[in-house]
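Note: the block below is structure-v8.cif and it holds mmCIF, C-alpha atoms and all ligand atoms.
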```
data_upload
loop_
_atom_site.label_atom_id
_atom_site.label_comp_id
_atom_site.auth_asym_id
_atom_site.auth_seq_id
_atom_site.Cartn_x
_atom_site.Cartn_y
_atom_site.Cartn_z
CA MET T 1 201.74 -10.74 -15.42
CA SER T 2 198.15 -10.08 -14.42
CA ARG T 3 197.34 -7.94 -11.43
CA ARG T 4 197.14 -9.65 -8.07
CA SER T 5 194.91 -8.92 -5.13
CA TRP T 6 195.95 -6.79 -2.19
CA GLY T 7 197.21 -8.25 1.09
CA ILE T 8 197.68 -11.77 -0.11
CA ASP T 9 201.13 -13.34 -0.42
CA GLU T 10 202.19 -15.63 -3.22
CA LYS T 11 201.86 -18.85 -1.18
CA VAL T 12 198.29 -18.05 -0.16
CA ARG T 13 197.38 -16.92 -3.67
CA ARG T 14 198.71 -20.21 -5.00
CA TYR T 15 196.48 -22.06 -2.53
CA LEU T 16 193.49 -19.91 -3.49
CA LEU T 17 194.05 -20.62 -7.17
CA ASP T 18 194.70 -24.33 -6.61
CA HIS T 19 191.45 -24.63 -4.67
CA SER T 20 189.06 -22.44 -6.63
CA LEU T 21 190.24 -21.41 -10.09
CA ARG T 22 188.28 -22.91 -12.97
CA GLU T 23 189.89 -21.05 -15.84
CA PRO T 24 188.71 -22.47 -19.16
CA PRO T 25 191.68 -23.76 -21.21
CA VAL T 26 190.94 -21.27 -23.99
CA ALA T 27 191.14 -18.39 -21.48
CA ALA T 28 194.48 -19.72 -20.22
CA GLU T 29 195.68 -19.78 -23.84
CA LEU T 30 194.64 -16.15 -24.37
CA ARG T 31 196.32 -15.16 -21.11
CA ALA T 32 199.54 -16.87 -22.24
CA ALA T 33 199.38 -15.12 -25.63
CA THR T 34 198.79 -11.75 -23.95
CA ALA T 35 201.68 -12.31 -21.52
CA LYS T 36 204.06 -11.91 -24.48
CA LEU T 37 202.80 -8.36 -25.15
CA PRO T 38 204.34 -5.23 -23.60
CA HIS T 39 201.13 -4.13 -21.84
CA ALA T 40 200.10 -7.55 -20.50
CA GLY T 41 199.81 -6.10 -16.98
CA MET T 42 196.59 -4.34 -18.04
CA GLN T 43 194.77 -7.67 -18.14
CA ILE T 44 192.64 -8.73 -15.20
CA SER T 45 193.71 -11.79 -13.21
CA PRO T 46 192.03 -15.16 -13.78
CA GLU T 47 190.46 -15.09 -10.32
CA GLN T 48 188.94 -11.69 -11.09
CA GLY T 49 187.61 -13.05 -14.38
CA GLN T 50 186.01 -15.93 -12.52
CA LEU T 51 184.47 -13.54 -9.98
CA MET T 52 183.00 -11.42 -12.77
CA ALA T 53 181.63 -14.51 -14.49
CA LEU T 54 179.97 -15.54 -11.24
CA LEU T 55 178.46 -12.06 -10.80
CA VAL T 56 177.12 -12.10 -14.36
CA GLN T 57 175.41 -15.41 -13.63
CA ALA T 58 174.22 -14.33 -10.17
CA ILE T 59 172.25 -11.38 -11.56
CA GLY T 60 170.99 -13.38 -14.55
CA ALA T 61 172.64 -10.97 -16.99
CA ARG T 62 171.77 -11.26 -20.69
CA ARG T 63 173.14 -7.97 -21.99
CA ALA T 64 176.50 -6.64 -20.90
CA ILE T 65 178.86 -3.80 -21.76
CA GLU T 66 182.64 -3.75 -21.42
CA ILE T 67 184.58 -0.50 -21.56
CA GLY T 68 188.23 -1.37 -22.20
CA THR T 69 188.71 -4.75 -23.85
CA PHE T 70 192.45 -4.90 -24.64
CA THR T 71 193.12 -8.47 -25.87
CA GLY T 72 189.69 -9.70 -24.85
CA TYR T 73 190.44 -11.73 -21.72
CA SER T 74 187.83 -10.19 -19.38
CA ALA T 75 185.39 -10.16 -22.30
CA LEU T 76 185.96 -13.89 -22.77
CA TRP T 77 185.06 -14.66 -19.15
CA VAL T 78 181.92 -12.48 -19.32
CA ALA T 79 180.81 -13.83 -22.70
CA LEU T 80 181.22 -17.42 -21.49
CA ALA T 81 179.05 -16.62 -18.46
CA LEU T 82 176.23 -15.13 -20.52
CA PRO T 83 173.43 -17.39 -21.76
CA ALA T 84 173.46 -18.59 -25.40
CA ASP T 85 171.33 -15.62 -26.48
CA GLY T 86 173.32 -13.16 -24.34
CA ARG T 87 175.21 -10.23 -25.85
CA LEU T 88 178.35 -8.37 -24.80
CA LEU T 89 179.07 -4.97 -26.32
CA CYS T 90 182.81 -4.26 -26.12
CA CYS T 91 184.24 -0.74 -26.39
CA ASP T 92 187.89 -0.10 -27.23
CA VAL T 93 189.97 2.25 -29.36
CA SER T 94 192.55 -0.35 -30.37
CA ALA T 95 191.79 -2.58 -33.35
CA GLU T 96 195.30 -4.04 -32.93
CA TRP T 97 194.95 -5.24 -29.33
CA THR T 98 191.37 -6.48 -29.68
CA ALA T 99 192.39 -8.47 -32.78
CA VAL T 100 194.57 -10.63 -30.53
CA GLY T 101 191.49 -11.89 -28.69
CA LYS T 102 189.21 -12.62 -31.62
CA PRO T 103 190.58 -16.11 -32.49
CA TYR T 104 190.13 -17.09 -28.83
CA TRP T 105 186.54 -15.77 -28.81
CA GLN T 106 185.98 -17.92 -31.91
CA LYS T 107 187.60 -20.98 -30.37
CA ALA T 108 185.48 -20.56 -27.21
CA GLY T 109 182.31 -20.32 -29.31
CA VAL T 110 181.41 -16.85 -28.03
CA ALA T 111 182.41 -14.64 -30.98
CA GLY T 112 178.75 -14.45 -32.01
CA LYS T 113 177.83 -13.00 -28.62
CA ILE T 114 180.39 -10.16 -28.81
CA ASP T 115 179.78 -6.87 -30.61
CA LEU T 116 183.10 -4.97 -30.67
CA ARG T 117 182.94 -1.23 -31.29
CA ILE T 118 186.25 0.44 -32.12
CA ALA T 119 185.68 4.06 -31.08
CA PRO T 120 186.12 6.23 -28.00
CA ALA T 121 183.85 4.54 -25.46
CA ILE T 122 182.06 7.76 -24.56
CA GLU T 123 180.84 8.04 -28.16
CA THR T 124 179.63 4.43 -28.23
CA LEU T 125 177.78 4.83 -24.93
CA ASP T 126 176.18 8.11 -26.03
CA ARG T 127 175.06 6.42 -29.25
CA LEU T 128 173.40 3.64 -27.24
CA LEU T 129 171.58 6.19 -25.10
CA ALA T 130 170.51 8.18 -28.17
CA ALA T 131 169.16 4.93 -29.64
CA GLY T 132 166.85 4.52 -26.64
CA GLN T 133 168.88 1.79 -24.90
CA ALA T 134 168.55 3.24 -21.38
CA GLY T 135 167.68 0.45 -18.95
CA ALA T 136 168.41 -2.26 -21.54
CA TYR T 137 171.62 -3.65 -19.99
CA ASP T 138 172.28 -5.84 -16.95
CA PHE T 139 176.02 -5.67 -16.39
CA ALA T 140 178.87 -3.27 -17.17
CA PHE T 141 182.62 -3.49 -16.60
CA ILE T 142 184.65 -0.27 -16.69
CA ASP T 143 188.37 -0.81 -17.36
CA ALA T 144 189.60 1.84 -19.83
CA ASP T 145 191.21 5.31 -19.49
CA LYS T 146 190.90 6.39 -15.87
CA THR T 147 190.07 10.05 -16.51
CA GLY T 148 187.05 8.83 -18.48
CA TYR T 149 185.68 6.66 -15.66
CA ASP T 150 183.19 9.17 -14.22
CA GLY T 151 181.62 9.75 -17.63
CA TYR T 152 181.45 5.99 -18.25
CA TYR T 153 179.92 5.39 -14.83
CA GLU T 154 177.18 7.98 -15.36
CA ARG T 155 176.30 6.57 -18.75
CA CYS T 156 176.39 2.95 -17.57
CA LEU T 157 174.09 3.85 -14.72
CA ARG T 158 171.55 5.07 -17.27
CA LEU T 159 172.07 2.08 -19.57
CA LEU T 160 171.54 -0.47 -16.78
CA ARG T 161 168.20 -1.67 -15.44
CA PRO T 162 167.49 -1.41 -11.72
CA GLY T 163 169.32 -4.38 -10.18
CA GLY T 164 172.03 -4.13 -12.85
CA LEU T 165 175.64 -4.28 -11.73
CA ILE T 166 178.65 -2.11 -12.62
CA GLY T 167 182.20 -3.33 -11.96
CA ILE T 168 184.87 -0.61 -11.87
CA ASP T 169 188.50 -1.75 -12.11
CA ASN T 170 191.72 -0.23 -10.71
CA VAL T 171 189.99 1.80 -8.01
CA LEU T 172 193.04 1.41 -5.70
CA TRP T 173 195.46 2.33 -8.51
CA GLY T 174 198.47 0.56 -7.04
CA GLY T 175 197.76 2.27 -3.69
CA ASP T 176 198.23 5.78 -5.13
CA VAL T 177 194.68 6.83 -4.25
CA ALA T 178 195.66 6.56 -0.57
CA GLU T 179 198.82 8.66 -0.99
CA PRO T 180 197.89 12.38 -0.91
CA LYS T 181 201.21 13.32 -2.58
CA LYS T 182 200.30 11.28 -5.67
CA ARG T 183 198.46 13.68 -7.94
CA SER T 184 198.60 12.35 -11.50
CA ALA T 185 195.47 12.98 -13.59
CA ASP T 186 194.58 9.27 -13.33
CA THR T 187 195.02 9.23 -9.55
CA LEU T 188 192.95 12.39 -9.09
CA ALA T 189 190.18 11.00 -11.31
CA LEU T 190 190.01 7.70 -9.43
CA ARG T 191 190.18 9.41 -6.02
CA ALA T 192 187.32 11.76 -6.99
CA LEU T 193 185.20 8.91 -8.32
CA ASN T 194 185.79 6.79 -5.21
CA LYS T 195 184.75 9.75 -3.05
CA LYS T 196 181.63 10.36 -5.11
CA LEU T 197 180.60 6.69 -5.12
CA HIS T 198 180.95 6.41 -1.34
CA HIS T 199 177.91 8.64 -0.96
CA ASP T 200 176.06 7.85 -4.18
CA GLU T 201 172.60 6.76 -3.05
CA ARG T 202 171.71 5.56 -6.54
CA VAL T 203 173.74 2.39 -5.95
CA ALA T 204 174.52 -0.22 -3.32
CA LEU T 205 178.30 -0.29 -3.00
CA SER T 206 181.27 -2.52 -2.23
CA MET T 207 184.96 -1.82 -2.86
CA LEU T 208 186.95 -5.04 -2.97
CA PRO T 209 190.75 -5.49 -2.73
CA VAL T 210 190.57 -7.76 -5.76
CA GLY T 211 193.18 -7.19 -8.45
CA ASP T 212 194.03 -3.48 -8.41
CA GLY T 213 190.79 -2.73 -6.53
CA LEU T 214 187.34 -3.55 -7.86
CA THR T 215 184.27 -1.50 -6.97
CA LEU T 216 180.87 -3.11 -7.38
CA ALA T 217 177.93 -0.72 -7.75
CA LEU T 218 174.45 -2.25 -7.88
CA LYS T 219 171.88 0.09 -9.40
CA ARG T 220 168.91 0.66 -7.11
C1 LIG Y 301 193.25 -1.97 -18.84
S1 LIG Y 301 193.00 -2.28 -20.54
C2 LIG Y 301 191.59 -3.34 -20.54
C3 LIG Y 301 191.92 -4.74 -20.02
C4 LIG Y 301 190.84 -5.76 -20.27
N1 LIG Y 301 189.62 -5.40 -19.58
C5 LIG Y 301 191.34 -7.12 -19.78
O1 LIG Y 301 191.15 -7.44 -18.61
O2 LIG Y 301 191.98 -7.82 -20.57
C6 LIG Y 301 192.37 -0.73 -21.09
C7 LIG Y 301 191.86 -0.69 -22.52
O3 LIG Y 301 191.12 0.53 -22.66
C8 LIG Y 301 191.28 0.98 -23.98
N2 LIG Y 301 190.95 2.41 -24.02
C9 LIG Y 301 191.73 3.46 -23.63
N3 LIG Y 301 191.08 4.62 -23.83
C10 LIG Y 301 189.87 4.31 -24.34
C11 LIG Y 301 188.74 5.06 -24.75
N4 LIG Y 301 188.73 6.41 -24.67
N5 LIG Y 301 187.66 4.41 -25.24
C12 LIG Y 301 187.66 3.06 -25.33
N6 LIG Y 301 188.70 2.29 -24.95
C13 LIG Y 301 189.79 2.89 -24.46
C14 LIG Y 301 192.72 0.64 -24.34
O4 LIG Y 301 192.88 0.56 -25.74
C15 LIG Y 301 192.92 -0.70 -23.60
O5 LIG Y 301 192.71 -1.78 -24.48
#
```
Just give me the structure of the file as structure tokens.
Amino acid sequence: MSRRSWGIDEKVRRYLLDHSLREPPVAAELRAATAKLPHAGMQISPEQGQLMALLVQAIGARRAIEIGTFTGYSALWVALALPADGRLLCCDVSAEWTAVGKPYWQKAGVAGKIDLRIAPAIETLDRLLAAGQAGAYDFAFIDADKTGYDGYYERCLRLLRPGGLIGIDNVLWGGDVAEPKKRSADTLALRALNKKLHHDERVALSMLPVGDGLTLALKR
């Protein structure tokens, strides 16, 4: 089951999906295949995928980064939204989970756009920066280990051009960020990042109750 948006009941969500969702059949197939896996709940919802695809097109993105790919569903939406010569660099530590998505990337005709790096994302991002890639990217989606988010955000900010967009997933963390008694390492990391971003003048900001909470940060 993919994560649903806050404050919207099932009947209204059904209406929303019936009147706006344009999920490509191959993405629906990947979502169905992922639903059989134990950690399927980590996958973004189809409406969030469609929103991210729209954002990628709205900013004219050609080069994108994803941090946390899992079975490749969000990557599929982003890759489909990129132009034919666009490129998506995917970071994940699991060769097993990402392998699930590869046949669907092939079937969708986007496998050639995706460069999957199996390594801790922080290492991949630092390698890109060391290779002089600062300012070379247009879009980034952060959806991996929550305690790593701040480090990913800082690196993505350097890797993006001015006008580039960062999407940060799970910023509401099931509501735990708003419950002071909840103090897991993940909750504390997300709460601290949300607090920092609120006053981060380097970006224009919006926190949306989409999925498990999606922050959009547009680099100034
Ligand atoms: C929430 S899932 C990503 C879901 C995916 N964006 C989607 O919508 O289908 C998080 C992923 O982050 C990966 N991950 C966890 N720690 C990581 C790290 N240090 N570096 C890179 N990837 C990591 C996990 O293997 C997992 O596939």
Nearby residues, ligand LIG 301 (chain Y), 8 Å, all atoms listed in the file, as number ranges by chain: T: 41-45, 49, 66-75, 91-94, 97-98, 118-122, 141-145, 148
Given the selection you just returned, output its residues as a file containing C-alpha atoms, formatted as a CSV table (one decimal), in the frame of the given file.
```csv
chain,number,residue,atom,x,y,z
T,41,GLY,CA,199.8,-6.1,-17.0
T,42,MET,CA,196.6,-4.3,-18.0
T,43,GLN,CA,194.8,-7.7,-18.1
T,44,ILE,CA,192.6,-8.7,-15.2
T,45,SER,CA,193.7,-11.8,-13.2
T,49,GLY,CA,187.6,-13.0,-14.4
T,66,GLU,CA,182.6,-3.8,-21.4
T,67,ILE,CA,184.6,-0.5,-21.6
T,68,GLY,CA,188.2,-1.4,-22.2
T,69,THR,CA,188.7,-4.8,-23.8
T,70,PHE,CA,192.4,-4.9,-24.6
T,71,THR,CA,193.1,-8.5,-25.9
T,72,GLY,CA,189.7,-9.7,-24.8
T,73,TYR,CA,190.4,-11.7,-21.7
T,74,SER,CA,187.8,-10.2,-19.4
T,75,ALA,CA,185.4,-10.2,-22.3
T,91,CYS,CA,184.2,-0.7,-26.4
T,92,ASP,CA,187.9,-0.1,-27.2
T,93,VAL,CA,190.0,2.2,-29.4
T,94,SER,CA,192.6,-0.4,-30.4
T,97,TRP,CA,195.0,-5.2,-29.3
T,98,THR,CA,191.4,-6.5,-29.7
T,118,ILE,CA,186.2,0.4,-32.1
T,119,ALA,CA,185.7,4.1,-31.1
T,120,PRO,CA,186.1,6.2,-28.0
T,121,ALA,CA,183.8,4.5,-25.5
T,122,ILE,CA,182.1,7.8,-24.6
T,141,PHE,CA,182.6,-3.5,-16.6
T,142,ILE,CA,184.6,-0.3,-16.7
T,143,ASP,CA,188.4,-0.8,-17.4
T,144,ALA,CA,189.6,1.8,-19.8
T,145,ASP,CA,191.2,5.3,-19.5
T,148,GLY,CA,187.0,8.8,-18.5
```
At most 8 Å is the cut-off: for each residue in segment 38-139 of chain T with any atom that close to an atom of segment 26-33 of chain T, write down the nearest atom pair and the distance in Å rounded to one decimal, counting only C-alpha atoms, chain first then increasing number, as JSON lines.
```
{"residue": "T:Thr71", "atom": "CA", "partner": "T:Leu30", "partner_atom": "CA", "distance": 8.0}
{"residue": "T:Tyr73", "atom": "CA", "partner": "T:Leu30", "partner_atom": "CA", "distance": 6.6}
{"residue": "T:Leu76", "atom": "CA", "partner": "T:Ala27", "partner_atom": "CA", "distance": 7.0}
{"residue": "T:Trp77", "atom": "CA", "partner": "T:Ala27", "partner_atom": "CA", "distance": 7.5}
{"residue": "T:Gly101", "atom": "CA", "partner": "T:Leu30", "partner_atom": "CA", "distance": 6.8}
{"residue": "T:Tyr104", "atom": "CA", "partner": "T:Leu30", "partner_atom": "CA", "distance": 6.4}
{"residue": "T:Lys107", "atom": "CA", "partner": "T:Val26", "partner_atom": "CA", "distance": 7.2}
{"residue": "T:Ala108", "atom": "CA", "partner": "T:Val26", "partner_atom": "CA", "distance": 6.4}
```
Could you save the residues just selected, with C-alpha atoms, as an mmCIF file, in the frame of the given file?
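This went into part.cif:
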```
data_model
loop_
_atom_site.group_PDB
_atom_site.id
_atom_site.type_symbol
_atom_site.label_atom_id
_atom_site.label_comp_id
_atom_site.auth_asym_id
_atom_site.auth_seq_id
_atom_site.Cartn_x
_atom_site.Cartn_y
_atom_site.Cartn_z
ATOM 1 C CA THR T 71 193.120 -8.470 -25.870
ATOM 2 C CA TYR T 73 190.440 -11.730 -21.720
ATOM 3 C CA LEU T 76 185.960 -13.890 -22.770
ATOM 4 C CA TRP T 77 185.060 -14.660 -19.150
ATOM 5 C CA GLY T 101 191.490 -11.890 -28.690
ATOM 6 C CA TYR T 104 190.130 -17.090 -28.830
ATOM 7 C CA LYS T 107 187.600 -20.980 -30.370
ATOM 8 C CA ALA T 108 185.480 -20.560 -27.210
#
```
For Cys90 of chain T, the closest of T:Leu125, T:Ala58, T:Val177, T:Ala192 counting only C-alpha atoms is T:Leu125
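Among T:Lys102, T:Lys182, T:Arg202, T:Arg127, the residue with the shortest atom-to-atom distance to Glu154 of chain T, counting only C-alpha atoms, is T:Arg202.
If you count only C-alpha atoms and ignore residues fewer than 4 places along the chain from Arg155 of chain T, what sits within 9 Å of it is Ile122, Leu125, Asp126, Leu129, Ala134, Asp150, Gly151, Leu159 and Leu160 of chain T.
When all atoms listed in the file are used to compute distances to Val78 of chain T, the closest of the residues T:Leu197, T:Asp18, T:Leu37, T:Phe139 turns out to be T:Phe139.
Neighbouring residues of Val210 of chain T at 10 Å or closer, counting only C-alpha atoms and skipping chain neighbours under 5 positions away, are Arg3, Arg4, Ser5, Trp6, Gly7, Ile8, Ile44, Ser45, Glu47, Gln48, Leu51, Asp169, Asn170, Val171, Leu172 and Thr215 of chain T.
Pairwise distance (atom CA of Lys146 of chain T, atom CA of Ala185 of chain T) equals 8.3 Å.
Between Arg62 of chain T and the candidates T:Leu190, T:Asp200, T:Pro103, T:Leu88, the tightest atom-to-atom separation, counting only C-alpha atoms, involves T:Leu88.
In this comparison, which uses only C-alpha atoms, the residue of T:Leu165, T:Leu157, T:Leu55, T:Ile114 approaching Gln133 of chain T most closely is T:Leu157.
Distances from T:Ala189, T:Leu54, T:Ile59, T:Ala99 to Ala81 of chain T were compared using all atoms listed in the file, and the smallest one belongs to T:Leu54.
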